[in-house]
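Here is the file my_file-v3.txt (compact mmCIF, C-alpha atoms and all ligand atoms).
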```
# COMPACT_ATOMS: atom_id res chain seq x y z
CA MET A 1 20.10 -68.21 76.69
CA THR A 2 23.78 -68.73 76.10
CA HIS A 3 24.70 -71.16 73.35
CA GLN A 4 27.63 -71.10 70.97
CA ILE A 5 25.35 -70.36 67.99
CA ILE A 6 23.78 -67.40 69.78
CA GLU A 7 27.19 -66.08 70.89
CA GLU A 8 28.42 -66.24 67.28
CA ASP A 9 25.25 -64.46 66.11
CA ILE A 10 25.62 -61.71 68.71
CA LYS A 11 29.24 -61.19 67.70
CA THR A 12 28.21 -60.93 64.03
CA ILE A 13 25.56 -58.33 64.88
CA GLY A 14 27.81 -56.41 67.28
CA GLU A 15 30.63 -56.18 64.73
CA SER A 16 28.20 -54.98 62.03
CA LEU A 17 27.04 -52.16 64.32
CA LYS A 18 30.43 -50.72 65.31
CA GLN A 19 29.79 -47.62 63.24
CA TYR A 20 26.99 -46.63 65.63
CA ALA A 21 29.27 -46.61 68.70
CA PRO A 22 29.34 -42.79 68.90
CA GLN A 23 25.51 -42.62 68.96
CA LEU A 24 25.25 -45.32 71.64
CA SER A 25 28.17 -44.60 73.94
CA GLY A 26 27.03 -43.48 77.41
CA THR A 27 23.32 -43.42 76.50
CA THR A 28 20.28 -44.98 78.20
CA LEU A 29 17.90 -47.23 76.27
CA LEU A 30 14.46 -48.39 77.35
CA LEU A 31 13.46 -51.72 75.78
CA THR A 32 9.96 -53.15 76.21
CA GLY A 33 9.39 -56.87 75.60
CA GLY A 34 13.05 -57.54 76.39
CA ALA A 35 12.39 -61.14 77.48
CA GLY A 36 10.96 -62.06 74.06
CA PHE A 37 12.80 -63.60 71.12
CA LEU A 38 13.99 -60.36 69.49
CA GLY A 39 14.33 -58.59 72.85
CA LYS A 40 16.86 -61.14 74.13
CA TYR A 41 18.98 -60.69 71.00
CA ILE A 42 18.84 -56.90 71.40
CA VAL A 43 19.98 -57.22 75.03
CA GLY A 44 22.75 -59.64 73.98
CA THR A 45 23.89 -57.19 71.32
CA LEU A 46 23.98 -54.27 73.77
CA ASN A 47 25.93 -56.40 76.27
CA TYR A 48 28.41 -57.25 73.51
CA LEU A 49 28.79 -53.62 72.49
CA ASN A 50 29.30 -52.59 76.13
CA ALA A 51 32.00 -55.22 76.62
CA ASN A 52 33.81 -54.82 73.31
CA VAL A 53 33.03 -51.62 71.47
CA LEU A 54 31.63 -48.66 73.39
CA GLN A 55 33.97 -46.19 75.05
CA LYS A 56 31.36 -45.55 77.71
CA PRO A 57 28.83 -48.37 78.27
CA CYS A 58 25.16 -47.79 77.58
CA LYS A 59 22.53 -48.43 80.22
CA VAL A 60 19.50 -50.60 79.36
CA ILE A 61 16.17 -50.56 81.19
CA ILE A 62 14.02 -53.55 80.25
CA LEU A 63 10.27 -53.68 80.82
CA ASP A 64 8.46 -57.01 80.42
CA ASN A 65 5.42 -58.48 82.16
CA PHE A 66 6.57 -62.01 81.21
CA ILE A 67 3.21 -62.93 79.71
CA VAL A 68 5.19 -64.80 77.01
CA GLY A 69 8.85 -64.10 77.70
CA LEU A 70 10.44 -66.14 80.49
CA GLN A 71 11.61 -64.23 83.54
CA ASP A 72 14.85 -66.17 83.95
CA ALA A 73 15.85 -65.39 80.34
CA LEU A 74 17.33 -62.07 81.46
CA LYS A 75 19.74 -61.17 84.21
CA ASP A 76 20.51 -57.78 85.71
CA ASN A 77 24.09 -56.64 85.51
CA GLU A 78 25.83 -53.37 86.20
CA HIS A 79 24.37 -51.83 83.02
CA ILE A 80 21.13 -53.80 82.58
CA LYS A 81 18.09 -53.43 84.79
CA VAL A 82 15.10 -55.76 84.33
CA ILE A 83 11.74 -54.48 85.62
CA LYS A 84 8.49 -56.42 85.70
CA HIS A 85 5.97 -54.02 84.20
CA ASP A 86 2.91 -54.24 81.96
CA VAL A 87 3.22 -51.56 79.26
CA SER A 88 -0.53 -51.11 79.11
CA GLU A 89 0.02 -49.27 82.44
CA VAL A 90 1.88 -45.94 82.54
CA TYR A 91 5.59 -46.28 83.33
CA LYS A 92 7.20 -43.46 85.33
CA THR A 93 10.90 -43.03 85.84
CA GLU A 94 13.32 -40.35 87.02
CA GLU A 95 15.97 -41.68 84.60
CA HIS A 96 17.01 -39.78 81.54
CA ILE A 97 16.20 -41.85 78.41
CA ASP A 98 17.84 -41.46 74.99
CA TYR A 99 16.24 -44.28 72.99
CA ILE A 100 13.05 -46.32 73.29
CA LEU A 101 12.54 -49.67 71.54
CA HIS A 102 8.92 -50.72 71.99
CA ALA A 103 8.84 -54.45 71.20
CA ALA A 104 6.35 -55.63 73.86
CA SER A 105 3.53 -57.56 72.26
CA ILE A 106 2.50 -61.18 71.88
CA GLY A 107 4.07 -62.33 68.61
CA SER A 108 2.66 -65.84 68.26
CA PRO A 109 -0.96 -66.31 67.08
CA VAL A 110 -1.56 -69.20 69.48
CA PHE A 111 -0.49 -67.04 72.44
CA TYR A 112 -2.22 -63.85 71.32
CA MET A 113 -5.49 -65.68 70.78
CA LYS A 114 -5.28 -66.79 74.42
CA HIS A 115 -4.76 -63.16 75.48
CA PRO A 116 -6.59 -61.02 72.89
CA ILE A 117 -7.44 -58.08 75.18
CA GLU A 118 -3.87 -57.93 76.52
CA THR A 119 -2.64 -58.00 72.91
CA LEU A 120 -4.91 -55.09 72.00
CA ASP A 121 -3.78 -53.18 75.10
CA SER A 122 -0.04 -53.60 74.60
CA GLY A 123 -0.33 -52.55 70.93
CA THR A 124 -2.53 -49.51 71.57
CA LEU A 125 -2.24 -48.27 75.19
CA GLY A 126 1.33 -49.58 75.49
CA THR A 127 2.37 -47.70 72.37
CA LYS A 128 0.69 -44.49 73.51
CA HIS A 129 2.43 -44.72 76.90
CA MET A 130 5.82 -45.21 75.26
CA LEU A 131 5.21 -42.27 72.92
CA GLU A 132 4.22 -40.09 75.90
CA LEU A 133 7.39 -41.13 77.70
CA ALA A 134 9.41 -40.37 74.56
CA LYS A 135 7.83 -36.91 74.42
CA GLU A 136 8.49 -36.21 78.12
CA LYS A 137 12.12 -37.39 77.91
CA HIS A 138 12.87 -35.75 74.54
CA VAL A 139 14.37 -39.02 73.29
CA LYS A 140 16.71 -39.10 70.31
CA SER A 141 14.72 -41.90 68.68
CA LEU A 142 11.84 -44.32 69.32
CA LEU A 143 11.37 -47.53 67.37
CA LEU A 144 7.92 -49.10 67.27
CA PHE A 145 7.85 -52.82 66.44
CA SER A 146 4.81 -53.17 64.24
CA SER A 147 4.32 -56.16 61.92
CA SER A 148 3.86 -57.30 58.34
CA GLU A 149 0.42 -58.33 59.65
CA VAL A 150 -0.71 -54.72 59.09
CA TYR A 151 -1.05 -55.83 55.45
CA GLY A 152 -3.48 -58.63 56.39
CA ASP A 153 -4.11 -60.88 53.39
CA PRO A 154 -2.59 -58.76 50.59
CA ASP A 155 -3.99 -58.56 47.09
CA PRO A 156 -1.55 -60.67 44.97
CA LYS A 157 -0.95 -57.55 42.84
CA PHE A 158 0.81 -56.13 45.92
CA VAL A 159 3.13 -59.07 46.60
CA PRO A 160 6.04 -58.32 47.15
CA THR A 161 4.32 -55.81 49.42
CA PRO A 162 5.60 -52.22 49.63
CA GLU A 163 5.05 -49.91 52.62
CA THR A 164 2.54 -47.94 50.53
CA TYR A 165 0.05 -50.84 50.40
CA PHE A 166 -2.89 -50.06 52.71
CA GLY A 167 -3.66 -53.64 53.71
CA ASN A 168 -6.57 -56.02 53.59
CA VAL A 169 -7.36 -56.61 57.24
CA SER A 170 -10.46 -57.77 59.10
CA CYS A 171 -11.24 -55.71 62.19
CA THR A 172 -13.38 -58.50 63.67
CA GLY A 173 -11.59 -61.66 62.52
CA PRO A 174 -9.50 -64.02 64.69
CA ARG A 175 -6.27 -62.10 64.02
CA ALA A 176 -7.80 -58.65 64.61
CA CYS A 177 -6.52 -58.23 68.19
CA TYR A 178 -2.95 -58.33 66.89
CA ASP A 179 -3.27 -56.81 63.41
CA GLU A 180 -5.54 -53.90 64.34
CA ALA A 181 -3.56 -53.10 67.49
CA LYS A 182 -0.43 -52.82 65.33
CA ARG A 183 -2.29 -50.55 62.88
CA VAL A 184 -3.53 -48.27 65.70
CA GLY A 185 0.00 -48.26 67.17
CA GLU A 186 1.38 -47.05 63.83
CA ALA A 187 -1.27 -44.33 63.65
CA TYR A 188 -0.26 -43.18 67.15
CA ALA A 189 3.41 -43.11 66.17
CA VAL A 190 2.82 -41.09 63.00
CA ASN A 191 0.60 -38.58 64.82
CA TYR A 192 2.90 -38.20 67.84
CA HIS A 193 5.60 -37.43 65.32
CA GLN A 194 3.45 -34.88 63.48
CA ILE A 195 1.89 -33.20 66.52
CA HIS A 196 4.57 -33.59 69.21
CA HIS A 197 7.69 -34.07 67.05
CA VAL A 198 8.49 -37.41 68.69
CA PRO A 199 11.23 -38.98 66.51
CA ALA A 200 9.32 -42.26 66.06
CA LYS A 201 10.13 -44.84 63.40
CA ILE A 202 8.07 -47.92 62.56
CA LEU A 203 9.34 -51.37 61.71
CA ARG A 204 7.23 -54.07 60.02
CA PRO A 205 9.03 -57.43 60.46
CA PHE A 206 8.25 -60.31 58.08
CA ASN A 207 8.74 -63.71 59.81
CA VAL A 208 12.01 -63.40 61.67
CA PHE A 209 13.31 -66.65 63.14
CA GLY A 210 16.32 -67.89 65.02
CA PRO A 211 17.70 -69.52 68.14
CA GLY A 212 16.12 -68.37 71.39
CA MET A 213 12.55 -68.56 70.07
CA ARG A 214 10.42 -70.58 72.43
CA LEU A 215 10.14 -74.01 70.85
CA ASP A 216 6.56 -74.15 72.15
CA ASP A 217 5.87 -70.74 70.64
CA ARG A 218 3.90 -72.39 67.78
CA ARG A 219 5.24 -70.12 65.03
CA VAL A 220 5.88 -72.22 61.95
CA VAL A 221 9.66 -72.70 62.06
CA PRO A 222 9.86 -73.78 65.74
CA ASN A 223 6.75 -75.94 65.40
CA LEU A 224 8.00 -77.85 62.35
CA VAL A 225 11.50 -78.28 63.80
CA LEU A 226 10.00 -79.49 67.08
CA ALA A 227 7.95 -82.11 65.18
CA ALA A 228 11.02 -83.30 63.28
CA MET A 229 13.02 -83.52 66.52
CA LYS A 230 10.27 -85.60 68.11
CA GLY A 231 10.03 -87.83 65.02
CA GLU A 232 6.40 -86.80 64.47
CA LYS A 233 4.74 -85.92 61.15
CA LEU A 234 5.20 -82.24 60.26
CA PRO A 235 1.83 -80.41 60.51
CA VAL A 236 1.15 -78.34 57.38
CA TYR A 237 -1.97 -76.19 57.42
CA GLY A 238 -4.29 -74.89 54.71
CA GLY A 239 -3.18 -77.20 51.88
CA GLY A 240 0.47 -76.14 52.16
CA ASN A 241 0.25 -73.51 49.39
CA ARG A 242 0.43 -70.41 51.56
CA THR A 243 3.72 -68.62 51.33
CA ARG A 244 6.09 -66.83 53.68
CA THR A 245 9.62 -65.48 53.51
CA PHE A 246 11.99 -66.08 56.42
CA CYS A 247 14.59 -63.74 57.82
CA TYR A 248 17.39 -64.96 60.07
CA VAL A 249 17.65 -63.03 63.31
CA THR A 250 21.15 -61.55 62.74
CA ASP A 251 19.90 -59.69 59.66
CA ALA A 252 16.81 -58.40 61.46
CA ILE A 253 18.64 -57.14 64.56
CA THR A 254 21.18 -55.30 62.41
CA GLY A 255 18.31 -53.64 60.50
CA ILE A 256 16.52 -52.73 63.74
CA PHE A 257 19.49 -50.62 64.85
CA GLN A 258 19.98 -49.16 61.36
CA VAL A 259 16.41 -47.81 61.45
CA LEU A 260 16.65 -46.71 65.12
CA PHE A 261 19.71 -44.58 64.35
CA SER A 262 18.29 -43.14 61.12
CA GLN A 263 16.58 -39.80 60.64
CA TYR A 264 13.40 -41.15 59.02
CA ASN A 265 10.92 -40.04 61.65
CA GLY A 266 7.28 -40.93 61.10
CA GLU A 267 8.23 -43.53 58.47
CA PRO A 268 7.34 -47.25 58.29
CA PHE A 269 9.96 -49.76 57.08
CA ASN A 270 9.48 -53.36 56.01
CA ILE A 271 12.19 -55.67 57.32
CA GLY A 272 12.76 -59.30 56.40
CA ASN A 273 14.35 -61.32 53.63
CA ASP A 274 12.96 -60.92 50.12
CA ALA A 275 14.72 -63.99 48.70
CA ASN A 276 12.89 -67.31 48.56
CA GLU A 277 9.17 -66.84 49.04
CA LEU A 278 8.40 -70.39 50.15
CA THR A 279 5.18 -72.38 50.32
CA MET A 280 4.66 -74.02 53.71
CA GLU A 281 4.80 -77.41 51.97
CA ASN A 282 8.27 -76.55 50.64
CA LEU A 283 9.43 -75.22 54.01
CA ALA A 284 8.31 -78.48 55.63
CA LYS A 285 10.11 -80.51 52.94
CA ILE A 286 13.32 -78.51 53.46
CA ILE A 287 13.14 -79.16 57.20
CA VAL A 288 12.58 -82.89 56.60
CA GLU A 289 15.73 -82.94 54.45
CA LEU A 290 17.77 -81.31 57.24
CA PHE A 291 17.01 -84.22 59.61
CA GLU A 292 18.21 -87.80 59.46
CA ASN A 293 14.89 -89.42 60.38
CA LYS A 294 12.90 -88.22 57.27
CA VAL A 295 9.46 -87.84 58.83
CA GLU A 296 6.37 -87.34 56.65
CA LEU A 297 4.11 -84.30 56.27
CA ASN A 298 0.65 -84.19 57.81
CA HIS A 299 -1.79 -81.95 55.90
CA ILE A 300 -4.40 -80.58 58.33
CA ALA A 301 -6.69 -77.57 58.71
CA GLY A 302 -4.84 -75.93 61.63
CA PRO A 303 -5.67 -75.57 65.32
CA ASN A 304 -8.07 -72.64 64.87
CA ASP A 305 -9.38 -70.06 62.39
CA ALA A 306 -6.26 -67.88 62.69
CA TYR A 307 -4.36 -70.69 60.95
CA ASP A 308 -7.20 -71.97 58.82
CA LYS A 309 -9.67 -69.44 57.33
CA ALA A 310 -7.87 -66.22 58.34
CA ASP A 311 -4.26 -67.14 57.53
CA PRO A 312 -2.85 -64.77 54.86
CA GLU A 313 -2.22 -66.49 51.52
CA ARG A 314 1.10 -64.82 50.76
CA ARG A 315 3.78 -62.81 52.56
CA CYS A 316 6.82 -61.36 50.84
CA PRO A 317 8.31 -57.95 51.57
CA ASP A 318 9.29 -55.29 49.10
CA LEU A 319 12.53 -54.14 50.75
CA LYS A 320 13.48 -51.29 48.40
CA LYS A 321 12.80 -48.63 51.01
CA ILE A 322 14.87 -50.04 53.88
CA LYS A 323 17.67 -51.04 51.49
CA THR A 324 17.95 -47.61 49.91
CA PHE A 325 17.19 -45.45 52.97
CA VAL A 326 19.38 -47.14 55.62
CA GLY A 327 21.54 -49.61 53.65
CA TYR A 328 19.86 -52.76 55.06
CA GLU A 329 20.86 -55.95 53.23
CA PRO A 330 19.74 -59.41 54.39
CA LYS A 331 22.73 -61.73 54.16
CA VAL A 332 21.78 -65.09 55.64
CA ASP A 333 20.48 -67.72 53.26
CA ASN A 334 17.41 -69.67 54.49
CA ILE A 335 19.15 -73.05 54.60
CA ILE A 336 22.07 -71.69 56.60
CA GLY A 337 19.65 -69.98 59.00
CA LEU A 338 17.59 -73.15 59.40
CA LYS A 339 20.73 -75.22 60.04
CA ARG A 340 21.81 -72.79 62.75
CA PHE A 341 18.34 -72.89 64.28
CA ILE A 342 18.28 -76.69 64.26
CA THR A 343 21.78 -76.95 65.79
CA TRP A 344 20.61 -74.76 68.65
CA ALA A 345 17.22 -76.50 68.96
CA LYS A 346 18.83 -79.94 69.30
CA ASP A 347 20.49 -78.77 72.53
CA GLN A 348 17.20 -77.66 74.13
CA ASP A 349 15.05 -79.69 76.52
CA ILE A 350 11.86 -80.57 74.61
CA SER A 351 10.62 -83.30 76.94
CA ASN A 352 7.73 -81.21 78.31
CA ILE A 353 6.53 -79.52 75.14
CA SER A 354 4.33 -80.87 72.40
CA VAL A 355 3.87 -80.16 68.71
CA GLN A 356 0.85 -78.07 67.75
CA ILE A 357 -1.34 -79.88 65.25
N1 LIG A 401 9.57 -62.29 65.32
C1 LIG A 401 8.87 -61.91 64.26
O1 LIG A 401 8.96 -62.53 63.20
C2 LIG A 401 7.98 -60.70 64.30
C3 LIG A 401 7.18 -60.46 63.18
C4 LIG A 401 6.35 -59.35 63.19
C5 LIG A 401 6.33 -58.50 64.28
N2 LIG A 401 7.12 -58.76 65.36
C6 LIG A 401 7.02 -57.86 66.51
O2 LIG A 401 8.31 -57.63 67.08
C7 LIG A 401 8.20 -57.57 68.50
C8 LIG A 401 9.09 -58.63 69.14
O3 LIG A 401 8.75 -59.89 68.58
P1 LIG A 401 9.18 -61.26 69.28
O4 LIG A 401 9.21 -62.28 68.22
O5 LIG A 401 10.37 -61.02 70.13
O6 LIG A 401 7.88 -61.50 70.21
P2 LIG A 401 7.75 -62.37 71.53
O7 LIG A 401 6.32 -62.72 71.66
O8 LIG A 401 8.78 -63.45 71.55
O9 LIG A 401 8.16 -61.35 72.70
C9 LIG A 401 7.38 -60.27 73.09
C10 LIG A 401 7.69 -59.94 74.54
O10 LIG A 401 6.78 -58.90 74.97
C11 LIG A 401 6.33 -59.21 76.28
N3 LIG A 401 5.04 -58.56 76.50
C12 LIG A 401 3.84 -58.84 75.89
N4 LIG A 401 2.88 -58.02 76.35
C13 LIG A 401 3.48 -57.19 77.26
C14 LIG A 401 3.02 -56.12 78.07
N5 LIG A 401 1.74 -55.74 78.05
N6 LIG A 401 3.90 -55.49 78.89
C15 LIG A 401 5.20 -55.86 78.91
N7 LIG A 401 5.70 -56.87 78.17
C16 LIG A 401 4.86 -57.53 77.34
C17 LIG A 401 6.25 -60.73 76.31
O11 LIG A 401 6.28 -61.26 77.63
C18 LIG A 401 7.51 -61.11 75.51
O12 LIG A 401 8.64 -61.22 76.36
C19 LIG A 401 6.72 -57.76 68.84
O13 LIG A 401 6.13 -56.49 68.97
C20 LIG A 401 6.18 -58.47 67.62
O14 LIG A 401 4.80 -58.20 67.44
C21 LIG A 401 7.94 -59.85 65.39
```

Please, can you express the file's structure as structure tokens?
Amino acid sequence: MTHQIIEEDIKTIGESLKQYAPQLSGTTLLLTGGAGFLGKYIVGTLNYLNANVLQKPCKVIILDNFIVGLQDALKDNEHIKVIKHDVSEVYKTEEHIDYILHAASIGSPVFYMKHPIETLDSGTLGTKHMLELAKEKHVKSLLLFSSSEVYGDPDPKFVPTPETYFGNVSCTGPRACYDEAKRVGEAYAVNYHQIHHVPAKILRPFNVFGPGMRLDDRRVVPNLVLAAMKGEKLPVYGGGNRTRTFCYVTDAITGIFQVLFSQYNGEPFNIGNDANELTMENLAKIIVELFENKVELNHIAGPNDAYDKADPERRCPDLKKIKTFVGYEPKVDNIIGLKRFITWAKDQDISNISVQI
């Protein structure tokens, strides 16, 4: 996935993580979902740290079944080993493991609705298997990638949403396979910590975006940018009044490592960018302004109920906990992040992919 923008991002992240070199040097990390959007950035960061910062390189074992991630996105090297494996099956290894980052899941609603049982399995069984492995290997830390979707459609009184909000989630609705699997995964993590002392931390990302996302992934930023690149009307669902906040990937990856290396076992952390809660109409208008061709908006219901009836009205994180506990601070302004994303996107081949309407 090399591109100048991504290389600059990786350098920014790597430099911001230099302080963790002693914890990482000579260790072995197991990363699930390494071929996904965030996974590729994590691998890039670890490659950068190996080449430029660590006294003794770290070893990275990547598990991915490539249900969404693309197999050729990752290459083995002397320190990185890529293994095709479905995390809903037990993974056995003789290797010593110091850290586990469990990111395997299907992040995009369009993809997870095509594979709802697999989504349930990776969030529940996959998480249990990783916690068992963490217990067996006595890891130093395990990070579970949960989601802001554990909050469902939050009561407006709880927006910005703190970690203490219990959520408003349907267990039978179109998003349930993803949301409820993440909630069960969190319950596993907390109880493995309490019963087996597994040093598990939980991360709840709020709409992270950046280069390296699949442009056919159908999440809102890639989908709108793809439409603008193709000169098509930008599809805006649900009247355009629903809100989200957007976090550029360099901020999120830095925060991921800050939480991984912290001591806050059994704790959930929101991660995202709390500035600029945007309506989807405004996001679409901003994207139009960043292109020469000034396409129009197309207000439509959405491709299915996950985007129409069941789409949360508002999403905005309360970031007090992660800011005060681990010193996380999102730095990248939305417009700068979007410009970086668009610069990268313009160099991608979009001839065989279509806009979701
Ligand atoms: N990007 C975001 O804004 C965001 C928001 C909330 C939560 N998250 C969570 O963070 C994690 C990473 O997100 P992402 O954006 O990189 O997602 P992604 O969908 O781009 O990547 C996930 C990766 O996991 C792999 N995978 C899925 N099921 C698997 C299985 N059973 N076994 C092995 N591999 C499997 C996929 O092939 C893919 O490579 C996910 O757990 C996601 O739910 C991300």

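Ranking A:Lys201, A:Lys346, A:Lys294, A:Arg244 by their shortest atom-to-atom distance to Arg219 (chain A), with all atoms listed in the file included, puts A:Arg244 first.
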
Pick from A:Ile10, A:Val221, A:Val68, A:Ile300, whichever lies nearest to ligand LIG 401 (chain A) using all atoms listed in the file
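Among the listed residues, A:Val68 lies closest to ligand LIG 401 (chain A).
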
Name the closest residue to ligand LIG 401 (chain A) among the candidates A:Ser148, A:Ser170, A:Asn293, A:Thr250; distances are taken between atoms, counting all atoms listed in the file.
A:Ser148

Can you work out the spacing between CA of Thr27 (chain A) and CA of Leu46 (chain A) in Å, to one decimal?
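According to the coordinates, CA of Thr27 (chain A) and CA of Leu46 (chain A) are separated by 11.2 Å.
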
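For the pair CA of Gly240 (chain A) and CA of Ala181 (chain A), the separation is 28.0 Å.
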